[in-house]
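Structure file coords_13.pdb; described as PDB, C-alpha atoms, pLDDT in the B column.
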```pdb
ATOM      1  CA  MET P 108     -42.018 114.917 -49.849  1.00 53.00           C
ATOM      2  CA  SER P 109     -40.865 111.793 -51.625  1.00 54.00           C
ATOM      3  CA  ARG P 110     -37.668 109.970 -50.791  1.00 51.00           C
ATOM      4  CA  SER P 111     -36.023 107.195 -52.756  1.00 50.00           C
ATOM      5  CA  ARG P 112     -32.635 105.591 -52.859  1.00 48.00           C
ATOM      6  CA  ARG P 113     -30.932 104.481 -56.015  1.00 51.00           C
ATOM      7  CA  ARG P 114     -29.567 100.962 -55.850  1.00 57.00           C
ATOM      8  CA  MET P 115     -25.920 101.894 -55.419  1.00 58.00           C
ATOM      9  CA  LEU P 116     -25.502 100.878 -51.802  1.00 60.00           C
ATOM     10  CA  GLU P 117     -23.887  97.559 -52.598  1.00 58.00           C
ATOM     11  CA  GLY P 118     -21.204  99.195 -54.716  1.00 65.00           C
ATOM     12  CA  GLY P 119     -20.346  98.414 -58.298  1.00 71.00           C
ATOM     13  CA  ARG P 120     -21.803  95.476 -60.111  1.00 77.00           C
ATOM     14  CA  SER P 121     -19.631  93.434 -62.432  1.00 83.00           C
ATOM     15  CA  PHE P 122     -19.556  90.064 -64.124  1.00 86.00           C
ATOM     16  CA  GLU P 123     -17.156  87.461 -65.433  1.00 92.00           C
ATOM     17  CA  GLN P 124     -18.073  85.352 -68.417  1.00 93.00           C
ATOM     18  CA  ASP P 125     -16.302  82.386 -69.955  1.00 95.00           C
ATOM     19  CA  ASN P 126     -17.475  81.299 -73.388  1.00 95.00           C
ATOM     20  CA  VAL P 127     -16.254  78.326 -75.402  1.00 96.00           C
ATOM     21  CA  GLY P 128     -17.696  77.548 -78.785  1.00 97.00           C
ATOM     22  CA  PHE P 129     -16.916  75.803 -82.006  1.00 96.00           C
ATOM     23  CA  GLN P 130     -18.634  75.048 -85.275  1.00 97.00           C
ATOM     24  CA  GLN P 131     -17.921  72.606 -88.072  1.00 97.00           C
ATOM     25  CA  VAL P 132     -19.479  72.493 -91.508  1.00 97.00           C
ATOM     26  CA  ILE P 133     -18.903  69.815 -94.106  1.00 98.00           C
ATOM     27  CA  GLY P 134     -20.566  69.646 -97.454  1.00 98.00           C
ATOM     28  CA  MET P 135     -20.382  68.789-101.078  1.00 98.00           C
ATOM     29  CA  GLU P 136     -21.874  70.088-104.261  1.00 97.00           C
ATOM     30  CA  GLY P 137     -21.736  69.042-107.838  1.00 97.00           C
ATOM     31  CA  GLU P 138     -23.482  68.552-111.125  1.00 96.00           C
ATOM     32  CA  PHE P 139     -24.947  65.522-112.792  1.00 94.00           C
ATOM     33  CA  GLY P 140     -26.907  64.725-115.903  1.00 89.00           C
ATOM     34  CA  ASP P 141     -27.719  67.548-118.287  1.00 87.00           C
ATOM     35  CA  GLY P 142     -28.128  70.781-116.279  1.00 88.00           C
ATOM     36  CA  TRP P 143     -28.779  69.285-112.834  1.00 95.00           C
ATOM     37  CA  SER P 144     -26.938  70.195-109.634  1.00 97.00           C
ATOM     38  CA  TYR P 145     -26.940  69.180-105.989  1.00 97.00           C
ATOM     39  CA  ASP P 146     -25.777  70.616-102.678  1.00 98.00           C
ATOM     40  CA  LEU P 147     -25.596  68.673 -99.408  1.00 98.00           C
ATOM     41  CA  ASN P 148     -24.137  69.904 -96.104  1.00 98.00           C
ATOM     42  CA  TYR P 149     -24.022  69.159 -92.388  1.00 98.00           C
ATOM     43  CA  ASN P 150     -23.428  71.799 -89.709  1.00 98.00           C
ATOM     44  CA  TYR P 151     -22.577  71.144 -86.056  1.00 98.00           C
ATOM     45  CA  GLY P 152     -22.183  73.963 -83.541  1.00 98.00           C
ATOM     46  CA  TYR P 153     -21.647  73.941 -79.794  1.00 98.00           C
ATOM     47  CA  ASN P 154     -21.386  76.747 -77.239  1.00 97.00           C
ATOM     48  CA  GLN P 155     -20.776  76.487 -73.498  1.00 97.00           C
ATOM     49  CA  TYR P 156     -20.749  79.389 -71.043  1.00 96.00           C
ATOM     50  CA  ALA P 157     -20.307  80.178 -67.366  1.00 95.00           C
ATOM     51  CA  LEU P 158     -21.328  83.551 -65.931  1.00 93.00           C
ATOM     52  CA  THR P 159     -20.774  84.972 -62.444  1.00 92.00           C
ATOM     53  CA  GLU P 160     -22.315  88.288 -61.422  1.00 88.00           C
ATOM     54  CA  PHE P 161     -20.925  90.224 -58.476  1.00 85.00           C
ATOM     55  CA  GLY P 162     -22.613  92.961 -56.429  1.00 80.00           C
ATOM     56  CA  GLN P 163     -26.094  91.514 -56.845  1.00 82.00           C
ATOM     57  CA  ILE P 164     -28.768  91.383 -54.169  1.00 83.00           C
ATOM     58  CA  TYR P 165     -29.571  87.951 -52.748  1.00 85.00           C
ATOM     59  CA  GLU P 166     -33.315  88.366 -52.336  1.00 86.00           C
ATOM     60  CA  PRO P 167     -34.012  85.710 -49.652  1.00 90.00           C
ATOM     61  CA  ASN P 168     -31.546  87.392 -47.271  1.00 92.00           C
ATOM     62  CA  LEU P 169     -32.737  90.878 -48.218  1.00 90.00           C
ATOM     63  CA  ALA P 170     -36.305  89.873 -47.339  1.00 91.00           C
ATOM     64  CA  LYS P 171     -35.147  88.625 -43.928  1.00 93.00           C
ATOM     65  CA  ALA P 172     -32.969  91.705 -43.321  1.00 92.00           C
ATOM     66  CA  MET P 173     -35.792  94.123 -44.152  1.00 90.00           C
ATOM     67  CA  GLY P 174     -38.542  92.063 -42.551  1.00 89.00           C
ATOM     68  CA  PRO P 175     -39.770  92.262 -38.979  1.00 92.00           C
ATOM     69  CA  SER P 176     -37.165  93.122 -36.367  1.00 92.00           C
ATOM     70  CA  PHE P 177     -37.008  93.933 -32.673  1.00 92.00           C
ATOM     71  CA  LYS P 178     -34.594  95.224 -30.033  1.00 91.00           C
ATOM     72  CA  ASP P 179     -33.219  92.517 -27.770  1.00 91.00           C
ATOM     73  CA  SER P 180     -32.469  93.048 -24.056  1.00 91.00           C
ATOM     74  CA  ASP P 181     -29.003  94.435 -24.938  1.00 92.00           C
ATOM     75  CA  GLY P 182     -30.508  97.038 -27.313  1.00 90.00           C
ATOM     76  CA  ASN P 183     -29.371  95.258 -30.505  1.00 88.00           C
ATOM     77  CA  ILE P 184     -31.652  95.165 -33.531  1.00 89.00           C
ATOM     78  CA  VAL P 185     -32.439  91.506 -34.332  1.00 92.00           C
ATOM     79  CA  CYS P 186     -34.236  90.114 -37.396  1.00 93.00           C
ATOM     80  CA  GLY P 187     -37.522  88.314 -36.831  1.00 92.00           C
ATOM     81  CA  THR P 188     -39.668  88.559 -33.745  1.00 92.00           C
ATOM     82  CA  ALA P 189     -38.892  88.068 -30.069  1.00 92.00           C
ATOM     83  CA  ALA P 190     -40.681  84.711 -30.285  1.00 93.00           C
ATOM     84  CA  ALA P 191     -38.888  83.685 -33.519  1.00 94.00           C
ATOM     85  CA  PRO P 192     -35.541  85.457 -34.052  1.00 93.00           C
ATOM     86  CA  ILE P 193     -33.713  84.690 -37.325  1.00 94.00           C
ATOM     87  CA  ALA P 194     -30.242  83.341 -36.529  1.00 92.00           C
ATOM     88  CA  GLY P 195     -27.356  84.878 -38.471  1.00 92.00           C
ATOM     89  CA  CYS P 196     -29.527  87.592 -40.017  1.00 93.00           C
ATOM     90  CA  VAL P 197     -28.275  91.192 -40.145  1.00 92.00           C
ATOM     91  CA  SER P 198     -31.140  93.685 -39.973  1.00 91.00           C
ATOM     92  CA  MET P 199     -31.067  96.401 -42.642  1.00 88.00           C
ATOM     93  CA  ASN P 200     -32.615  99.878 -42.659  1.00 81.00           C
ATOM     94  CA  VAL P 201     -32.425 101.416 -46.146  1.00 78.00           C
ATOM     95  CA  PHE P 202     -34.362 104.501 -45.003  1.00 80.00           C
ATOM     96  CA  GLY P 203     -31.793 105.641 -42.434  1.00 79.00           C
ATOM     97  CA  GLY P 204     -29.940 108.046 -44.715  1.00 76.00           C
ATOM     98  CA  PRO P 205     -26.284 108.125 -45.769  1.00 78.00           C
ATOM     99  CA  GLY P 206     -24.051 105.786 -43.807  1.00 78.00           C
ATOM    100  CA  SER P 207     -26.902 103.769 -42.306  1.00 82.00           C
ATOM    101  CA  VAL P 208     -26.127 100.722 -44.455  1.00 84.00           C
ATOM    102  CA  THR P 209     -22.987  99.007 -43.150  1.00 85.00           C
ATOM    103  CA  GLN P 210     -20.601  96.591 -44.841  1.00 85.00           C
ATOM    104  CA  GLU P 211     -21.944  93.821 -42.586  1.00 89.00           C
ATOM    105  CA  MET P 212     -25.454  94.477 -43.959  1.00 88.00           C
ATOM    106  CA  LEU P 213     -24.171  94.439 -47.530  1.00 86.00           C
ATOM    107  CA  ASP P 214     -22.246  91.205 -46.965  1.00 87.00           C
ATOM    108  CA  TYR P 215     -25.413  89.548 -45.660  1.00 90.00           C
ATOM    109  CA  THR P 216     -27.722  90.747 -48.442  1.00 88.00           C
ATOM    110  CA  SER P 217     -25.456  90.321 -51.472  1.00 86.00           C
ATOM    111  CA  ALA P 218     -23.970  87.268 -53.111  1.00 85.00           C
ATOM    112  CA  PRO P 219     -22.240  86.288 -56.337  1.00 86.00           C
ATOM    113  CA  LEU P 220     -24.839  84.770 -58.664  1.00 86.00           C
ATOM    114  CA  SER P 221     -23.868  82.102 -61.172  1.00 90.00           C
ATOM    115  CA  SER P 222     -25.349  80.623 -64.292  1.00 93.00           C
ATOM    116  CA  SER P 223     -24.013  78.195 -66.847  1.00 95.00           C
ATOM    117  CA  GLY P 224     -25.277  76.371 -69.847  1.00 96.00           C
ATOM    118  CA  ASN P 225     -24.672  75.032 -73.300  1.00 97.00           C
ATOM    119  CA  TYR P 226     -26.257  75.140 -76.722  1.00 97.00           C
ATOM    120  CA  THR P 227     -26.009  72.603 -79.530  1.00 98.00           C
ATOM    121  CA  LEU P 228     -27.123  73.110 -83.119  1.00 97.00           C
ATOM    122  CA  GLN P 229     -27.131  70.508 -85.876  1.00 98.00           C
ATOM    123  CA  THR P 230     -28.471  70.958 -89.396  1.00 98.00           C
ATOM    124  CA  LEU P 231     -28.531  68.740 -92.435  1.00 98.00           C
ATOM    125  CA  THR P 232     -29.471  70.533 -95.652  1.00 98.00           C
ATOM    126  CA  GLY P 233     -29.867  69.265 -99.175  1.00 98.00           C
ATOM    127  CA  PHE P 234     -30.947  70.619-102.558  1.00 97.00           C
ATOM    128  CA  VAL P 235     -31.365  69.211-106.044  1.00 98.00           C
ATOM    129  CA  GLY P 236     -32.301  71.364-109.012  1.00 97.00           C
ATOM    130  CA  GLY P 237     -32.062  71.473-112.723  1.00 96.00           C
ATOM    131  CA  ASP P 238     -33.559  71.866-116.150  1.00 93.00           C
ATOM    132  CA  ILE P 239     -36.680  69.876-116.953  1.00 92.00           C
ATOM    133  CA  TYR P 240     -37.854  70.935-120.360  1.00 91.00           C
ATOM    134  CA  GLU P 241     -37.198  73.611-122.931  1.00 91.00           C
ATOM    135  CA  LEU P 242     -40.238  75.731-123.710  1.00 94.00           C
ATOM    136  CA  PRO P 243     -40.609  78.333-126.463  1.00 94.00           C
ATOM    137  CA  ALA P 244     -40.095  81.120-123.886  1.00 93.00           C
ATOM    138  CA  GLY P 245     -37.129  79.425-122.161  1.00 92.00           C
ATOM    139  CA  ILE P 246     -36.145  76.525-120.001  1.00 92.00           C
ATOM    140  CA  LEU P 247     -38.498  75.172-117.355  1.00 94.00           C
ATOM    141  CA  ALA P 248     -36.443  74.396-114.251  1.00 95.00           C
ATOM    142  CA  ALA P 249     -37.318  72.862-110.896  1.00 96.00           C
ATOM    143  CA  GLY P 250     -35.716  72.398-107.556  1.00 97.00           C
ATOM    144  CA  VAL P 251     -36.426  70.636-104.312  1.00 98.00           C
ATOM    145  CA  GLY P 252     -34.669  70.906-100.986  1.00 98.00           C
ATOM    146  CA  PHE P 253     -34.913  69.970 -97.350  1.00 98.00           C
ATOM    147  CA  GLU P 254     -33.485  70.971 -93.998  1.00 98.00           C
ATOM    148  CA  TYR P 255     -33.356  69.006 -90.783  1.00 98.00           C
ATOM    149  CA  ARG P 256     -32.605  71.158 -87.750  1.00 98.00           C
ATOM    150  CA  TYR P 257     -31.915  70.082 -84.164  1.00 97.00           C
ATOM    151  CA  ASP P 258     -31.469  72.667 -81.387  1.00 97.00           C
ATOM    152  CA  GLU P 259     -30.798  71.809 -77.770  1.00 97.00           C
ATOM    153  CA  THR P 260     -30.145  74.169 -74.879  1.00 96.00           C
ATOM    154  CA  GLU P 261     -29.466  73.570 -71.214  1.00 96.00           C
ATOM    155  CA  THR P 262     -29.245  76.279 -68.554  1.00 94.00           C
ATOM    156  CA  HIS P 263     -28.400  76.114 -64.849  1.00 92.00           C
ATOM    157  CA  VAL P 264     -28.988  79.194 -62.689  1.00 89.00           C
ATOM    158  CA  ASP P 265     -28.728  79.902 -58.992  1.00 80.00           C
ATOM    159  CA  SER P 266     -30.117  83.452 -59.217  1.00 58.00           C
ATOM    160  CA  CYS P 267     -33.061  84.385 -57.051  1.00 51.00           C
TER     161      CYS P 267
END
```

Using structure tokens, write down the structure from this file.
Amino acid sequence: MSRSRRRMLEGGRSFEQDNVGFQQVIGMEGEFGDGWSYDLNYNYGYNQYALTEFGQIYEPNLAKAMGPSFKDSDGNIVCGTAAAPIAGCVSMNVFGGPGSVTQEMLDYTSAPLSSSGNYTLQTLTGFVGGDIYELPAGILAAGVGFEYRYDETETHVDSC
């Protein structure tokens, strides 16, 4: 007989996310000479976010709560060992069946997890093209272009 428990003990999981972003593009294009054109543009984009997840397991406390435990002299279940009890820990038994996981256990083993970060993008793009020479079969044209791209990202997480 196999027994498993779906991770629903801690209740619903949800998140809040705040996102702020903007982007600006400036450019110019035109023609010069006989059949030549150009295009030049600069793009700047920025995004910043903050995310908080609720109902997630805080693994360091879960490991303590499900680790070694013992009964003290009053008959209470205590995390750790008699020689090294873990102060403030709430022992957890996920194999005890319905109702064996209390709110106190959930409060100890769950925590809101946060992350934040930002992303910056800058590009500078240019192109020049035009007619070079007329051949019997048509006009020979050429073009050359470039793109400079700078990406930067920064992320801060407290998730375990």

* Which of these residues is nearest to Leu213 in chain P, using all atoms listed in the file: P:Ile239, P:Ala190, P:Ala172, P:Ile246? ->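 Comparing P:Ile239, P:Ala190, P:Ala172, P:Ile246 against Leu213 in chain P, the winner is P:Ala172.
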
* Would you list the contacts of Leu247 in chain P as a PyMOL selection string, taking every protein, DNA or RNA residue within 12 Å and counting all atoms listed in the file, but skipping same-chain residues closer than 3 positions in sequence? => chain P and resi 142+236-244+250

Would you mind exporting C-alpha atoms of the selected residues as a CSV table (one decimal), in the frame of the given file?
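Generated file (part_16.csv):
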```csv
chain,number,residue,atom,x,y,z
P,142,GLY,CA,-28.1,70.8,-116.3
P,236,GLY,CA,-32.3,71.4,-109.0
P,237,GLY,CA,-32.1,71.5,-112.7
P,238,ASP,CA,-33.6,71.9,-116.2
P,239,ILE,CA,-36.7,69.9,-117.0
P,240,TYR,CA,-37.9,70.9,-120.4
P,241,GLU,CA,-37.2,73.6,-122.9
P,242,LEU,CA,-40.2,75.7,-123.7
P,243,PRO,CA,-40.6,78.3,-126.5
P,244,ALA,CA,-40.1,81.1,-123.9
P,250,GLY,CA,-35.7,72.4,-107.6
```

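Remark: for Thr232 in chain P, the closest of the candidate residues P:Tyr215, P:Phe253, P:Trp143, P:Tyr151 is P:Phe253 (distances computed over only C-alpha atoms).
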
* Nearby residues (all atoms listed in the file) at most 8 Å from range 224-229 of chain P, same-chain spacing under 4 positions excluded, as an MDAnalysis selection string -> chainID P and resid 149:157 256:263

* Asked: So what do you get for CA of Ser223 in chain P versus CA of Cys196 in chain P, distance-wise?
  ->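 Result for CA of Ser223 in chain P versus CA of Cys196 in chain P: 29.0 Å, one decimal.
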
* To do: Name all residues at most 9 Å from Lys171 in chain P (count only C-alpha atoms; drop same-chain ones fewer than 2 positions away) and give them as a list in words.
  =>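 So, after excluding close chain neighbours, the residues are Glu166, Pro167, Asn168, Leu169, Met173, Gly174, Pro175, Cys186, Gly187, Ile193, Cys196, Val197, Ser198, Met199 and Thr216 of chain P.
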
* To do: To one decimal in Å, tell me the separation between CA of Val201 in chain P and CA of Ser180 in chain P.
  =>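 Taking CA of Val201 in chain P and CA of Ser180 in chain P, their separation equals 23.6 Å.
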
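The coordinates place CA of Ser121 in chain P at 29.8 Å from CA of Ala194 in chain P.
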
* Evaluate the PyMOL selection byres ((chain P and resi 160) around 7) and record the selected residues as a PyMOL selection string, following the chain and residue labels used in the document. => chain P and resi 121-123+158-159+161-163+219-221

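Using all atoms listed in the file, the contacts of Gly137 in chain P at a cut-off of 7 Å, with sequence neighbours closer than 5 positions omitted, comprise Ser144, Tyr145 and Asp146 of chain P.
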
* Target residues per the PyMOL selection byres ((chain P and resi 233) around 10), formatted as an MDAnalysis selection string -> chainID P and resid 134:136 145:149 231:232 234:235 251:255

* Asked: From the set P:Thr230, P:Ala248, P:Ser207, P:Ser217, which residue has the shortest atom-to-atom contact distance to Ile133 in chain P, counting only C-alpha atoms?
  ->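 Ranked by minimum distance to Ile133 in chain P, first place goes to P:Thr230.
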